[in-house]
$ cat target17.txt   # compact mmCIF, C-alpha atoms
# COMPACT_ATOMS: atom_id res chain seq x y z
CA MET Q 822 33.70 26.00 -17.38
CA GLN Q 823 30.04 26.73 -17.87
CA ASN Q 824 29.17 28.09 -21.25
CA THR Q 825 26.77 30.91 -20.63
CA LEU Q 826 27.27 34.24 -22.33
CA GLY Q 827 27.86 35.99 -19.01
CA GLU Q 828 30.57 33.65 -17.84
CA LYS Q 829 32.40 33.80 -21.15
CA LEU Q 830 32.24 37.60 -21.19
CA ARG Q 831 33.50 37.91 -17.65
CA ARG Q 832 36.39 35.51 -18.22
CA LEU Q 833 37.46 37.20 -21.45
CA ARG Q 834 37.25 40.63 -19.84
CA LYS Q 835 39.36 39.53 -16.89
CA ASP Q 836 41.88 37.84 -19.20
CA LYS Q 837 42.29 41.19 -20.91
CA GLY Q 838 42.71 42.89 -17.55
CA TYR Q 839 39.78 45.25 -18.22
CA THR Q 840 37.59 46.62 -15.44
CA LEU Q 841 33.87 46.99 -16.09
CA ASP Q 842 34.48 50.72 -16.49
CA LYS Q 843 37.19 50.16 -19.06
CA LEU Q 844 35.17 47.77 -21.21
CA ALA Q 845 32.14 50.06 -20.96
CA GLU Q 846 34.23 52.97 -22.18
CA LEU Q 847 35.75 50.98 -25.06
CA THR Q 848 32.38 49.75 -26.25
CA GLU Q 849 30.33 52.87 -25.54
CA SER Q 850 28.02 50.85 -23.30
CA SER Q 851 27.08 51.59 -19.73
CA LYS Q 852 28.91 49.84 -16.94
CA SER Q 853 25.66 48.46 -15.56
CA TYR Q 854 24.70 47.04 -18.96
CA ILE Q 855 27.92 45.04 -19.15
CA TRP Q 856 27.50 43.89 -15.56
CA GLU Q 857 23.98 42.75 -16.42
CA LEU Q 858 25.25 40.79 -19.43
CA GLU Q 859 27.85 39.09 -17.23
CA ASN Q 860 25.68 38.32 -14.23
CA LYS Q 861 22.01 38.25 -15.11
CA ASN Q 862 21.89 36.62 -18.54
CA PRO Q 863 19.28 39.01 -19.95
CA PRO Q 864 17.03 37.29 -22.49
CA ARG Q 865 17.66 39.38 -25.61
CA PRO Q 866 20.97 41.20 -25.59
CA SER Q 867 21.49 43.86 -28.25
CA ALA Q 868 23.36 42.37 -31.22
CA GLU Q 869 24.94 45.69 -32.02
CA LYS Q 870 26.38 46.09 -28.54
CA LEU Q 871 27.49 42.47 -28.38
CA ALA Q 872 29.32 42.86 -31.68
CA LYS Q 873 31.25 45.82 -30.27
CA ILE Q 874 32.07 43.93 -27.10
CA ALA Q 875 33.20 40.87 -29.08
CA GLU Q 876 35.49 43.05 -31.14
CA LYS Q 877 37.15 44.62 -28.09
CA LEU Q 878 37.61 41.21 -26.48
CA ASP Q 879 39.12 39.77 -29.67
CA THR Q 880 36.41 37.23 -30.10
CA THR Q 881 33.31 36.70 -32.21
CA ILE Q 882 29.64 37.14 -31.48
CA GLU Q 883 29.15 33.51 -32.56
CA PHE Q 884 31.53 32.29 -29.88
CA LEU Q 885 29.80 34.42 -27.23
CA LEU Q 886 26.33 33.23 -28.11
CA ASP Q 887 27.20 29.58 -28.75
CA GLU Q 888 25.74 27.56 -25.91
CA GLY Q 889 28.41 24.92 -26.21
CA GLU Q 890 28.45 21.43 -27.58
CA GLY Q 891 25.31 20.63 -29.50
CA VAL Q 892 23.00 17.94 -28.26
CA SER Q 893 22.99 15.01 -30.65
CA GLU Q 894 19.72 13.31 -31.35
CA GLU Q 895 20.83 10.15 -29.65
CA GLU Q 896 21.81 11.99 -26.49
CA ALA Q 897 18.64 14.09 -26.47
CA THR Q 898 16.48 10.98 -26.30
CA ASP Q 899 18.31 10.01 -23.16
CA ALA Q 900 15.83 11.78 -20.90
CA GLN Q 901 17.86 11.33 -17.74
CA PHE Q 902 20.55 13.52 -19.18
CA TYR Q 903 18.48 16.03 -21.02
CA ARG Q 904 17.98 18.65 -18.35
CA GLN Q 905 20.75 21.25 -18.42
CA TYR Q 906 22.65 18.92 -20.68
CA ARG Q 907 24.45 21.55 -22.65
CA LYS Q 908 25.94 23.11 -19.59
CA MET Q 909 27.89 20.01 -18.70
CA ASP Q 910 31.13 19.23 -20.46
CA SER Q 911 31.41 15.98 -22.35
CA SER Q 912 33.89 14.18 -20.08
CA THR Q 913 31.66 14.88 -17.08
CA LYS Q 914 28.66 13.52 -18.99
CA GLU Q 915 30.60 10.41 -19.87
CA LYS Q 916 31.76 9.87 -16.29
CA ILE Q 917 28.22 10.17 -14.91
CA ARG Q 918 26.97 7.80 -17.59
CA ARG Q 919 29.48 5.24 -16.39
CA MET Q 920 28.56 5.76 -12.73
CA VAL Q 921 24.89 5.22 -13.50
CA LYS Q 922 25.67 2.15 -15.59
CA LEU Q 923 27.83 0.56 -12.89
CA TRP Q 924 25.51 1.64 -10.02
CA GLY Q 925 27.94 0.72 -7.24
CA ASP Q 926 26.95 -1.98 -4.85
CA ASP Q 927 26.76 0.09 -1.69
CA ALA Q 928 22.98 -0.28 -1.56
CA MET G 537 -0.22 10.43 1.07
CA THR G 538 3.39 11.13 1.90
CA GLU G 539 3.88 12.39 -1.63
CA ASN G 540 1.94 15.49 -0.65
CA PHE G 541 4.18 16.33 2.29
CA SER G 542 5.61 19.83 2.07
CA PRO G 543 9.40 20.35 2.19
CA GLN G 544 8.94 21.60 5.73
CA ARG G 545 6.95 18.56 6.80
CA TRP G 546 9.55 16.15 5.40
CA ALA G 547 12.30 18.04 7.16
CA ASN G 548 10.39 18.03 10.46
CA THR G 549 9.74 14.30 10.21
CA LEU G 550 13.44 13.62 9.71
CA THR G 551 14.49 16.12 12.39
CA LEU G 552 12.30 14.40 14.99
CA LEU G 553 13.71 11.06 13.95
CA LEU G 554 17.32 12.27 14.21
CA ASN G 555 16.60 13.94 17.56
CA SER G 556 15.23 10.70 18.97
CA VAL G 557 18.17 8.69 17.66
CA HIS G 558 20.99 11.05 18.67
CA GLY G 559 19.45 13.28 21.34
CA ALA G 560 21.89 16.04 22.21
CA ALA G 561 24.94 13.91 21.39
CA ALA G 562 27.77 15.56 19.48
CA GLU G 563 27.24 13.32 16.47
CA ARG G 564 23.80 14.86 15.86
CA PHE G 565 25.43 17.54 13.67
CA PRO G 566 26.32 17.89 10.93
CA VAL G 567 23.58 15.64 9.58
CA LYS G 568 25.17 12.77 7.69
CA VAL G 569 22.94 13.04 4.68
CA PRO G 570 24.19 10.05 2.63
CA ASP G 571 23.48 7.63 5.51
CA LEU G 572 20.19 9.32 6.32
CA ALA G 573 19.01 9.17 2.70
CA LYS G 574 19.88 5.52 2.27
CA GLU G 575 18.69 4.21 5.63
CA TYR G 576 15.50 6.24 5.85
CA SER G 577 14.39 5.50 2.29
CA ARG G 578 15.13 1.79 2.71
CA HIS G 579 12.69 1.63 5.61
CA ARG G 580 10.10 4.03 4.37
CA PHE G 581 10.06 3.11 0.67
CA PRO G 582 11.59 -0.38 0.52
CA ASP G 583 10.56 -0.84 -3.11
CA ASP G 584 11.94 2.48 -4.27
CA PRO G 585 14.88 3.49 -2.04
CA VAL G 586 17.91 5.70 -2.53
CA SER G 587 20.25 2.86 -3.41
CA LEU G 588 23.31 4.89 -4.38
CA VAL G 589 25.04 8.03 -3.11
CA ALA G 590 28.27 8.52 -5.00
CA GLY G 591 30.71 11.37 -5.61
CA ASP G 592 33.40 11.87 -8.21
CA THR G 593 35.35 14.71 -9.76
CA LEU G 594 32.72 16.09 -12.11
CA PRO G 595 33.57 19.55 -13.45
CA THR G 596 30.63 21.81 -14.43
CA PHE G 597 28.31 19.63 -12.35
CA ASP G 598 26.80 19.93 -8.87
CA GLY G 599 24.55 17.00 -8.24
CA ALA G 600 21.66 15.03 -9.63
CA LEU G 601 19.04 12.45 -8.82
CA TYR G 602 19.06 9.53 -11.23
CA LYS G 603 16.72 6.60 -11.71
CA ALA G 604 18.52 3.29 -11.30
CA PRO G 605 19.28 1.49 -14.57
CA PRO G 606 17.19 -1.54 -15.56
CA GLY G 607 17.85 -4.45 -13.22
CA LYS G 608 18.54 -2.26 -10.16
CA LYS G 609 15.93 -0.63 -8.02
CA GLY G 610 15.46 2.83 -6.66
CA TRP G 611 17.35 6.08 -7.15
CA GLY G 612 20.87 7.40 -7.02
CA ILE G 613 22.32 10.70 -5.88
CA ILE G 614 25.48 11.57 -7.78
CA TYR G 615 27.46 14.64 -6.80
CA ASN G 616 30.63 16.49 -7.64
CA LYS G 617 33.05 15.84 -4.79
CA ALA G 618 35.48 18.38 -6.23
CA ILE G 619 33.30 21.35 -5.24
CA ALA G 620 35.72 23.43 -3.23
CA SER G 621 33.63 23.74 -0.08
CA PRO G 622 32.46 20.64 1.82
CA GLY G 623 29.44 22.68 2.95
CA ARG G 624 28.27 23.01 -0.61
CA ILE G 625 28.56 19.24 -1.06
CA ASN G 626 26.48 18.49 2.02
CA PHE G 627 23.84 20.94 0.90
CA THR G 628 23.83 19.50 -2.62
CA ILE G 629 23.27 15.95 -1.37
CA ALA G 630 20.46 17.11 0.93
CA HIS G 631 18.97 19.07 -1.99
CA GLU G 632 18.94 15.94 -4.18
CA PHE G 633 17.47 13.90 -1.32
CA GLY G 634 14.75 16.58 -1.20
CA HIS G 635 14.05 15.98 -4.90
CA TYR G 636 13.79 12.26 -4.14
CA LEU G 637 11.25 12.79 -1.33
CA LEU G 638 9.27 15.54 -3.01
CA HIS G 639 9.52 15.13 -6.75
CA ARG G 640 10.49 11.65 -7.86
CA LEU G 641 6.96 10.70 -8.91
CA ARG G 642 6.55 13.89 -10.91
CA PHE G 643 9.94 13.46 -12.58
CA PRO G 644 10.34 9.74 -13.10
CA ASP G 645 13.54 10.25 -15.11
CA GLY G 646 15.39 12.21 -12.45
CA LEU G 647 16.68 15.74 -11.96
CA GLU G 648 19.98 17.51 -12.50
CA CYS G 649 21.01 20.70 -10.81
CA GLY G 650 23.44 23.22 -12.20
CA GLN G 651 26.20 25.17 -10.58
CA GLN G 652 25.69 28.47 -8.80
CA ASP G 653 22.22 27.52 -7.67
CA MET G 654 22.93 28.89 -4.22
CA ILE G 655 24.26 32.14 -5.59
CA ARG G 656 21.04 32.60 -7.54
CA TRP G 657 18.94 31.39 -4.66
CA ASP G 658 16.19 33.92 -5.05
CA SER G 659 16.23 34.70 -8.75
CA GLU G 660 14.62 33.02 -11.78
CA TYR G 661 14.18 30.06 -9.60
CA ARG G 662 12.01 27.22 -10.51
CA GLN G 663 9.66 26.17 -7.77
CA ILE G 664 11.00 22.66 -7.40
CA GLU G 665 14.53 23.94 -6.91
CA ALA G 666 13.26 26.27 -4.21
CA GLN G 667 11.45 23.39 -2.53
CA ALA G 668 14.53 21.18 -2.58
CA ASN G 669 16.55 24.04 -1.09
CA GLU G 670 13.93 24.61 1.59
CA PHE G 671 14.05 20.95 2.51
CA ALA G 672 17.87 20.90 2.58
CA SER G 673 18.08 24.06 4.65
CA SER G 674 15.47 22.83 7.16
CA VAL G 675 16.82 19.33 7.64
CA LEU G 676 20.46 20.45 7.93
CA MET G 677 19.73 23.45 10.18
CA PRO G 678 16.72 22.80 12.45
CA LEU G 679 15.53 26.09 13.93
CA ASP G 680 15.30 24.84 17.51
CA ASP G 681 18.99 24.02 17.49
CA PHE G 682 19.96 27.15 15.53
CA ARG G 683 18.14 29.32 18.08
CA ARG G 684 20.21 27.76 20.82
CA GLN G 685 23.39 28.70 18.96
CA ILE G 686 22.31 32.26 18.11
CA ASP G 687 19.44 33.79 20.05
CA ALA G 688 16.67 35.34 17.96
CA LYS G 689 17.47 38.73 19.50
CA ALA G 690 21.26 38.47 19.15
CA LYS G 691 23.38 40.43 16.68
CA PRO G 692 25.77 37.86 15.23
CA THR G 693 29.05 38.55 13.47
CA LEU G 694 29.96 36.68 10.31
CA GLY G 695 32.26 34.69 12.61
CA ASP G 696 29.27 33.57 14.72
CA LEU G 697 27.36 32.59 11.59
CA GLY G 698 30.49 30.88 10.24
CA GLY G 699 30.61 28.81 13.44
CA CYS G 700 27.06 27.63 12.75
CA ALA G 701 27.94 26.93 9.12
CA GLU G 702 30.64 24.65 10.44
CA ARG G 703 28.34 23.01 12.97
CA TYR G 704 25.77 22.19 10.29
CA GLY G 705 28.22 21.45 7.49
CA VAL G 706 26.88 24.13 5.15
CA SER G 707 28.23 27.28 3.52
CA LEU G 708 28.25 30.65 5.25
CA VAL G 709 25.61 31.92 2.81
CA ALA G 710 23.28 28.98 3.55
CA ALA G 711 23.66 29.45 7.32
CA THR G 712 23.06 33.21 7.07
CA LEU G 713 19.91 32.68 4.97
CA ARG G 714 18.62 30.28 7.60
CA TRP G 715 19.36 32.72 10.43
CA LEU G 716 17.53 35.50 8.53
CA GLN G 717 14.41 33.32 8.60
CA TYR G 718 14.05 33.45 12.38
CA THR G 719 15.96 36.44 13.70
CA GLU G 720 13.86 39.15 15.30
CA ARG G 721 16.46 41.73 14.35
CA ARG G 722 16.37 43.99 11.34
CA SER G 723 19.19 42.63 9.21
CA VAL G 724 19.91 42.28 5.51
CA MET G 725 22.42 40.12 3.64
CA VAL G 726 23.65 41.62 0.38
CA VAL G 727 25.70 39.55 -2.06
CA SER G 728 27.54 41.68 -4.60
CA ARG G 729 30.09 41.34 -7.38
CA ASP G 730 32.08 43.97 -9.27
CA GLY G 731 30.26 46.77 -7.48
CA PHE G 732 26.64 45.69 -8.12
CA ILE G 733 24.16 43.68 -6.06
CA LEU G 734 23.70 40.09 -7.25
CA TRP G 735 20.90 39.48 -4.78
CA ALA G 736 19.89 40.36 -1.23
CA ARG G 737 17.77 38.87 1.51
CA SER G 738 16.12 40.65 4.44
CA SER G 739 14.92 39.36 7.78
CA THR G 740 11.16 39.57 8.30
CA ALA G 741 11.48 42.61 10.55
CA ALA G 742 13.72 44.39 8.02
CA LEU G 743 11.39 43.58 5.16
CA ARG G 744 8.35 44.86 7.05
CA THR G 745 10.05 48.16 7.71
CA GLY G 746 11.14 48.71 4.14
CA ALA G 747 14.78 47.67 4.42
CA TYR G 748 15.27 45.48 1.35
CA PHE G 749 16.70 45.43 -2.18
CA LYS G 750 14.70 44.08 -5.09
CA THR G 751 16.99 42.73 -7.80
CA VAL G 752 14.77 40.52 -9.92
CA GLY G 753 13.64 42.11 -13.16
CA ARG G 754 15.20 45.44 -12.21
CA PRO G 755 18.21 47.34 -13.54
CA PRO G 756 21.40 46.49 -11.60
CA ILE G 757 21.72 48.29 -8.25
CA PRO G 758 25.26 49.54 -7.53
CA VAL G 759 26.56 49.06 -3.99
CA PRO G 760 26.94 52.43 -2.22
CA VAL G 761 30.28 54.12 -2.89
CA ALA G 762 30.95 54.49 0.83
CA SER G 763 30.19 50.84 1.62
CA LEU G 764 32.78 48.20 2.42
CA ALA G 765 31.48 46.15 -0.50
CA ALA G 766 32.64 48.96 -2.78
CA GLN G 767 36.02 49.29 -1.08
CA PRO G 768 37.65 45.88 -0.79
CA GLU G 769 40.98 47.64 -0.20
CA LEU G 770 39.70 48.63 3.27
CA MET G 771 39.27 45.01 4.28
CA GLU G 772 41.89 43.05 6.07
CA LYS G 773 42.30 39.43 5.08
CA SER G 774 39.11 39.81 3.06
CA ARG G 775 37.10 40.82 6.15
CA GLY G 776 35.92 44.09 7.52
CA GLN G 777 33.43 45.95 9.63
CA MET G 778 32.15 49.49 9.31
CA ALA G 779 29.52 51.74 10.91
CA HIS G 780 27.56 53.77 8.39
CA ASP G 781 25.51 56.94 8.67
CA ASP G 782 22.05 57.37 7.27
CA ASP G 783 23.24 58.04 3.73
CA VAL G 784 24.97 54.80 2.78
CA TRP G 785 22.94 51.60 2.49
CA PHE G 786 19.66 53.04 3.77
CA ALA G 787 18.20 56.33 4.93
CA GLU G 788 19.17 55.27 8.44
CA PRO G 789 22.44 54.22 10.04
CA CYS G 790 23.58 50.62 9.84
CA GLU G 791 26.52 48.42 10.61
CA GLU G 792 28.13 46.50 7.75
CA ILE G 793 30.14 43.33 8.28
CA ALA G 794 31.72 42.23 5.03
CA LEU G 795 33.54 39.20 3.73
CA ALA G 796 35.05 38.99 0.26
CA SER G 797 35.04 35.43 -1.05
CA ASP G 798 37.83 34.87 -3.55
CA GLN G 799 36.63 31.37 -4.08
CA TYR G 800 33.22 32.36 -5.36
CA ASP G 801 34.16 35.80 -6.49
CA PHE G 802 31.54 37.72 -4.57
CA THR G 803 31.29 39.85 -1.44
CA ILE G 804 28.87 39.18 1.39
CA SER G 805 27.72 42.22 3.34
CA LEU G 806 25.72 41.58 6.48
CA LEU G 807 23.88 44.77 7.39
CA HIS G 808 22.57 45.21 10.91
CA LEU G 809 20.04 48.00 11.34
CA GLU G 810 18.75 49.48 14.54
CA ARG G 811 15.90 47.77 16.27
CA VAL G 812 13.16 50.14 15.37
CA ILE G 813 12.37 52.72 12.80
CA ARG G 814 11.40 55.84 14.67
CA THR G 815 8.43 57.56 13.22
CA SER G 816 7.00 60.73 14.68
CA ARG G 817 4.00 58.80 15.83
CA PHE G 818 5.98 56.47 18.02
CA ASP G 819 8.71 58.78 19.17
CA GLU G 820 7.00 59.17 22.49
CA ALA G 821 6.90 55.47 23.20
CA GLU G 822 8.92 54.46 26.20
CA ASP G 823 9.91 51.06 25.01
CA ASP G 824 10.65 50.87 21.31
CA GLU G 825 10.77 47.15 21.19
CA ASP G 826 7.33 46.69 22.60
CA THR G 827 5.92 49.24 20.23
CA PHE G 828 7.40 47.42 17.32
CA ASP G 829 6.19 44.07 18.59
CA LEU G 830 2.73 45.52 18.95
CA MET G 831 2.80 46.81 15.39
CA THR G 832 3.88 43.50 13.98
CA ARG G 833 1.37 41.61 16.06
CA ARG G 834 -1.40 43.85 14.79
CA ARG G 835 -0.25 43.34 11.28
CA THR G 836 -0.02 39.57 11.45
CA SER G 837 -3.15 38.92 13.46
CA GLY G 838 -5.28 41.59 11.83
CA ASN G 839 -6.18 39.54 8.79

$ encode --input "target17.txt" --output "structure tokens"
Amino acid sequence: MQNTLGEKLRRLRKDKGYTLDKLAELTESSKSYIWELENKNPPRPSAEKLAKIAEKLDTTIEFLLDEGEGVSEEEATDAQFYRQYRKMDSSTKEKIRRMVKLWGDDA
Amino acid sequence: MTENFSPQRWANTLTLLLNSVHGAAAERFPVKVPDLAKEYSRHRFPDDPVSLVAGDTLPTFDGALYKAPPGKKGWGIIYNKAIASPGRINFTIAHEFGHYLLHRLRFPDGLECGQQDMIRWDSEYRQIEAQANEFASSVLMPLDDFRRQIDAKAKPTLGDLGGCAERYGVSLVAATLRWLQYTERRSVMVVSRDGFILWARSSTAALRTGAYFKTVGRPPIPVPVASLAAQPELMEKSRGQMAHDDDVWFAEPCEEIALASDQYDFTISLLHLERVIRTSRFDEAEDDEDTFDLMTRRRTSGN
């Protein structure tokens, strides 16, 4: 569910039924480079290689690099929710918002 | 100032308190963190307590520490109760309680913690996350009790460590990391996925004798072809054990106990090495263990 590049890559690769070796061969990358993309989130992946990988996985480089739902200005000012905000999906955010608002009475 | 307490000091304070309340009674473990957080904070910081500990099904979320909304006082720990393993939940709540004790004044708006934090325990880790983990690990698994379960000289199986994980209400990985902190043995835990090492952790004795894997900021390290981690088909019910020669994990023989976790999609290999590295200089020694102890003592007391 998390939207990092590595997790998307790994899911798409598995959906296709490709092993690391297979995807490496198809994209003329090394196996360890693809593993690194999937598991270590390297800071500046090569656009050229990513484009090849996107093509073989039937997706786009934009989808792979998109960090998920944007943070609206209103939400971003809500400091409690700012940290790691983009990694959480919107229904989870909404649910937590409600829990904080209600603040059960078990205190 | 209690705000300057280290993670260790907070954990010790709470451990002593729990020991005096429960003694050796069976209900001492696992530590019931929600009750502990609420009751302890209410007494110690009556104006700023943990006033809420609540779980819900919260996909993509682990846990967080939130400031109470206007009109209510204190802090709330909210966690994802749908995390598949109850051990992860217990650890998460203790981790957030650690943030409350250690960091709430520095982060007056609260803290959220993402998924997979445990898997990336030793990588790219921010200091405060490490401190909250240290607190959680220490308060949930006090070393005096852990030593009574597994002696510092013993060579545990993953089953033994799993038994402790159950006792303390934590995951197998968390219990193994804690054991590696005090064992006198030379052992290494390697966590791998798709044939490469995600991260590894060595016991002090293993580290001192060069048995370790550095994964941060390095190219991926493949697991050895002859290892169990590389051959899941050799495992039975996702578990296996194998004795290796000196050309597999290290330039010396070792024993690998492996467990493939479908749930988290990684393989844990616990590597037990022999007690001592023989070097020509010490080959003559009659008692290897004493020689090694002497070496380590020299090293630690020499500076």

$ closest_residue --input "target17.txt" --among "G:Pro622, G:Pro543, G:Gly634, G:Pro692" --to "Ser707 of chain G" --atoms "all atoms listed in the file"
G:Pro622

$ residues_around --input "target17.txt" --residues "Gly591 of chain G" --least-positions-apart "3" --cutoff "6 Å" --atoms "all atoms listed in the file" --output "ChimeraX atom specification"
/G:614-617

$ atom_distance --input "target17.txt" --atom1 "atom CA of Val675 of chain G" --atom2 "atom CA of Gly699 of chain G"
17.7 Å

$ interface_residues --input "target17.txt" --of "chain G" --to "chain Q" --cutoff "10 Å" --atoms "all atoms listed in the file" --output "ChimeraX atom specification"
/G:574-575,578,585-598,600-606,608-616,643-651,656,659-660,729-734,751-753,755-758

$ atom_distance --input "target17.txt" --atom1 "atom CA of Arg737 of chain G" --atom2 "atom CA of Val724 of chain G"
5.7 Å

$ residues_near_point --input "target17.txt" --point "(34.7, 51.0, -18.7)" --cutoff "12 Å" --atoms "all atoms listed in the file" --output "number ranges by chain"
Q: 834, 838-856, 874, 877

$ residues_around --input "target17.txt" --residues "Ser805 of chain G" --least-positions-apart "2" --cutoff "10 Å" --atoms "all atoms listed in the file" --output "list in words"
Leu694, Val724, Met725, Val726, Val727, Ser728, Ala736, Ser763, Leu764, Ala765, Arg775, Gly776, Gln777, Glu791, Glu792, Ile793, Ala794, Leu795, Ala796, Phe802, Thr803, Leu807 and His808 of chain G

$ closest_residue --input "target17.txt" --among "G:Tyr704, G:Leu809, G:Asn626, G:Ser674" --to "Phe786 of chain G" --atoms "only C-alpha atoms"
G:Leu809

$ atom_distance --input "target17.txt" --atom1 "atom CA of His631 of chain G" --atom2 "atom CA of Gly599 of chain G"
8.6 Å

$ axis_aligned_box --input "target17.txt" --around "segment 722-726 of chain G" --padding-each-side "8 Å" --output "AutoDock Vina command-line options"
--center_x 20.0 --center_y 42.1 --center_z 5.9 --size_x 23.3 --size_y 19.9 --size_z 27.0

$ decode --input "target17.txt" --residues "segment 869-882 of chain Q" --atoms "N, CA, C and O atoms" --output "PDB file, in the first residue's frame"
ATOM      1  N   GLU Q 869      17.210   6.813 -17.384  1.00  0.00           N
ATOM      2  CA  GLU Q 869      17.262   5.962 -18.570  1.00  0.00           C
ATOM      3  C   GLU Q 869      16.889   4.526 -18.218  1.00  0.00           C
ATOM      4  O   GLU Q 869      16.073   3.884 -18.882  1.00  0.00           O
ATOM      5  N   LYS Q 870      17.483   4.045 -17.126  1.00  0.00           N
ATOM      6  CA  LYS Q 870      17.186   2.669 -16.706  1.00  0.00           C
ATOM      7  C   LYS Q 870      15.744   2.535 -16.234  1.00  0.00           C
ATOM      8  O   LYS Q 870      15.073   1.548 -16.532  1.00  0.00           O
ATOM      9  N   LEU Q 871      15.285   3.539 -15.489  1.00  0.00           N
ATOM     10  CA  LEU Q 871      13.902   3.493 -15.012  1.00  0.00           C
ATOM     11  C   LEU Q 871      12.918   3.455 -16.170  1.00  0.00           C
ATOM     12  O   LEU Q 871      11.911   2.750 -16.120  1.00  0.00           O
ATOM     13  N   ALA Q 872      13.229   4.216 -17.218  1.00  0.00           N
ATOM     14  CA  ALA Q 872      12.334   4.250 -18.380  1.00  0.00           C
ATOM     15  C   ALA Q 872      12.225   2.854 -18.994  1.00  0.00           C
ATOM     16  O   ALA Q 872      11.132   2.388 -19.345  1.00  0.00           O
ATOM     17  N   LYS Q 873      13.360   2.173 -19.089  1.00  0.00           N
ATOM     18  CA  LYS Q 873      13.361   0.809 -19.638  1.00  0.00           C
ATOM     19  C   LYS Q 873      12.548  -0.141 -18.758  1.00  0.00           C
ATOM     20  O   LYS Q 873      11.781  -0.975 -19.236  1.00  0.00           O
ATOM     21  N   ILE Q 874      12.743   0.010 -17.457  1.00  0.00           N
ATOM     22  CA  ILE Q 874      12.031  -0.861 -16.522  1.00  0.00           C
ATOM     23  C   ILE Q 874      10.532  -0.601 -16.606  1.00  0.00           C
ATOM     24  O   ILE Q 874       9.721  -1.530 -16.684  1.00  0.00           O
ATOM     25  N   ALA Q 875      10.156   0.685 -16.651  1.00  0.00           N
ATOM     26  CA  ALA Q 875       8.740   1.046 -16.746  1.00  0.00           C
ATOM     27  C   ALA Q 875       8.122   0.404 -17.983  1.00  0.00           C
ATOM     28  O   ALA Q 875       7.032  -0.157 -17.936  1.00  0.00           O
ATOM     29  N   GLU Q 876       8.864   0.472 -19.083  1.00  0.00           N
ATOM     30  CA  GLU Q 876       8.346  -0.078 -20.334  1.00  0.00           C
ATOM     31  C   GLU Q 876       8.082  -1.583 -20.199  1.00  0.00           C
ATOM     32  O   GLU Q 876       7.023  -2.074 -20.571  1.00  0.00           O
ATOM     33  N   LYS Q 877       9.035  -2.304 -19.618  1.00  0.00           N
ATOM     34  CA  LYS Q 877       8.870  -3.756 -19.502  1.00  0.00           C
ATOM     35  C   LYS Q 877       7.787  -4.143 -18.496  1.00  0.00           C
ATOM     36  O   LYS Q 877       7.270  -5.246 -18.527  1.00  0.00           O
ATOM     37  N   LEU Q 878       7.480  -3.233 -17.589  1.00  0.00           N
ATOM     38  CA  LEU Q 878       6.441  -3.536 -16.595  1.00  0.00           C
ATOM     39  C   LEU Q 878       5.098  -2.928 -17.008  1.00  0.00           C
ATOM     40  O   LEU Q 878       4.159  -2.877 -16.212  1.00  0.00           O
ATOM     41  N   ASP Q 879       5.041  -2.443 -18.254  1.00  0.00           N
ATOM     42  CA  ASP Q 879       3.810  -1.829 -18.767  1.00  0.00           C
ATOM     43  C   ASP Q 879       3.314  -0.699 -17.886  1.00  0.00           C
ATOM     44  O   ASP Q 879       2.115  -0.602 -17.586  1.00  0.00           O
ATOM     45  N   THR Q 880       4.229   0.145 -17.474  1.00  0.00           N
ATOM     46  CA  THR Q 880       3.789   1.297 -16.709  1.00  0.00           C
ATOM     47  C   THR Q 880       4.582   2.520 -17.163  1.00  0.00           C
ATOM     48  O   THR Q 880       5.290   2.448 -18.172  1.00  0.00           O
ATOM     49  N   THR Q 881       4.434   3.613 -16.469  1.00  0.00           N
ATOM     50  CA  THR Q 881       5.150   4.825 -16.873  1.00  0.00           C
ATOM     51  C   THR Q 881       6.115   5.244 -15.774  1.00  0.00           C
ATOM     52  O   THR Q 881       5.920   4.925 -14.605  1.00  0.00           O
ATOM     53  N   ILE Q 882       7.122   5.991 -16.175  1.00  0.00           N
ATOM     54  CA  ILE Q 882       8.101   6.481 -15.218  1.00  0.00           C
ATOM     55  C   ILE Q 882       7.420   7.453 -14.240  1.00  0.00           C
ATOM     56  O   ILE Q 882       7.771   7.525 -13.068  1.00  0.00           O
TER      57      ILE Q 882
END
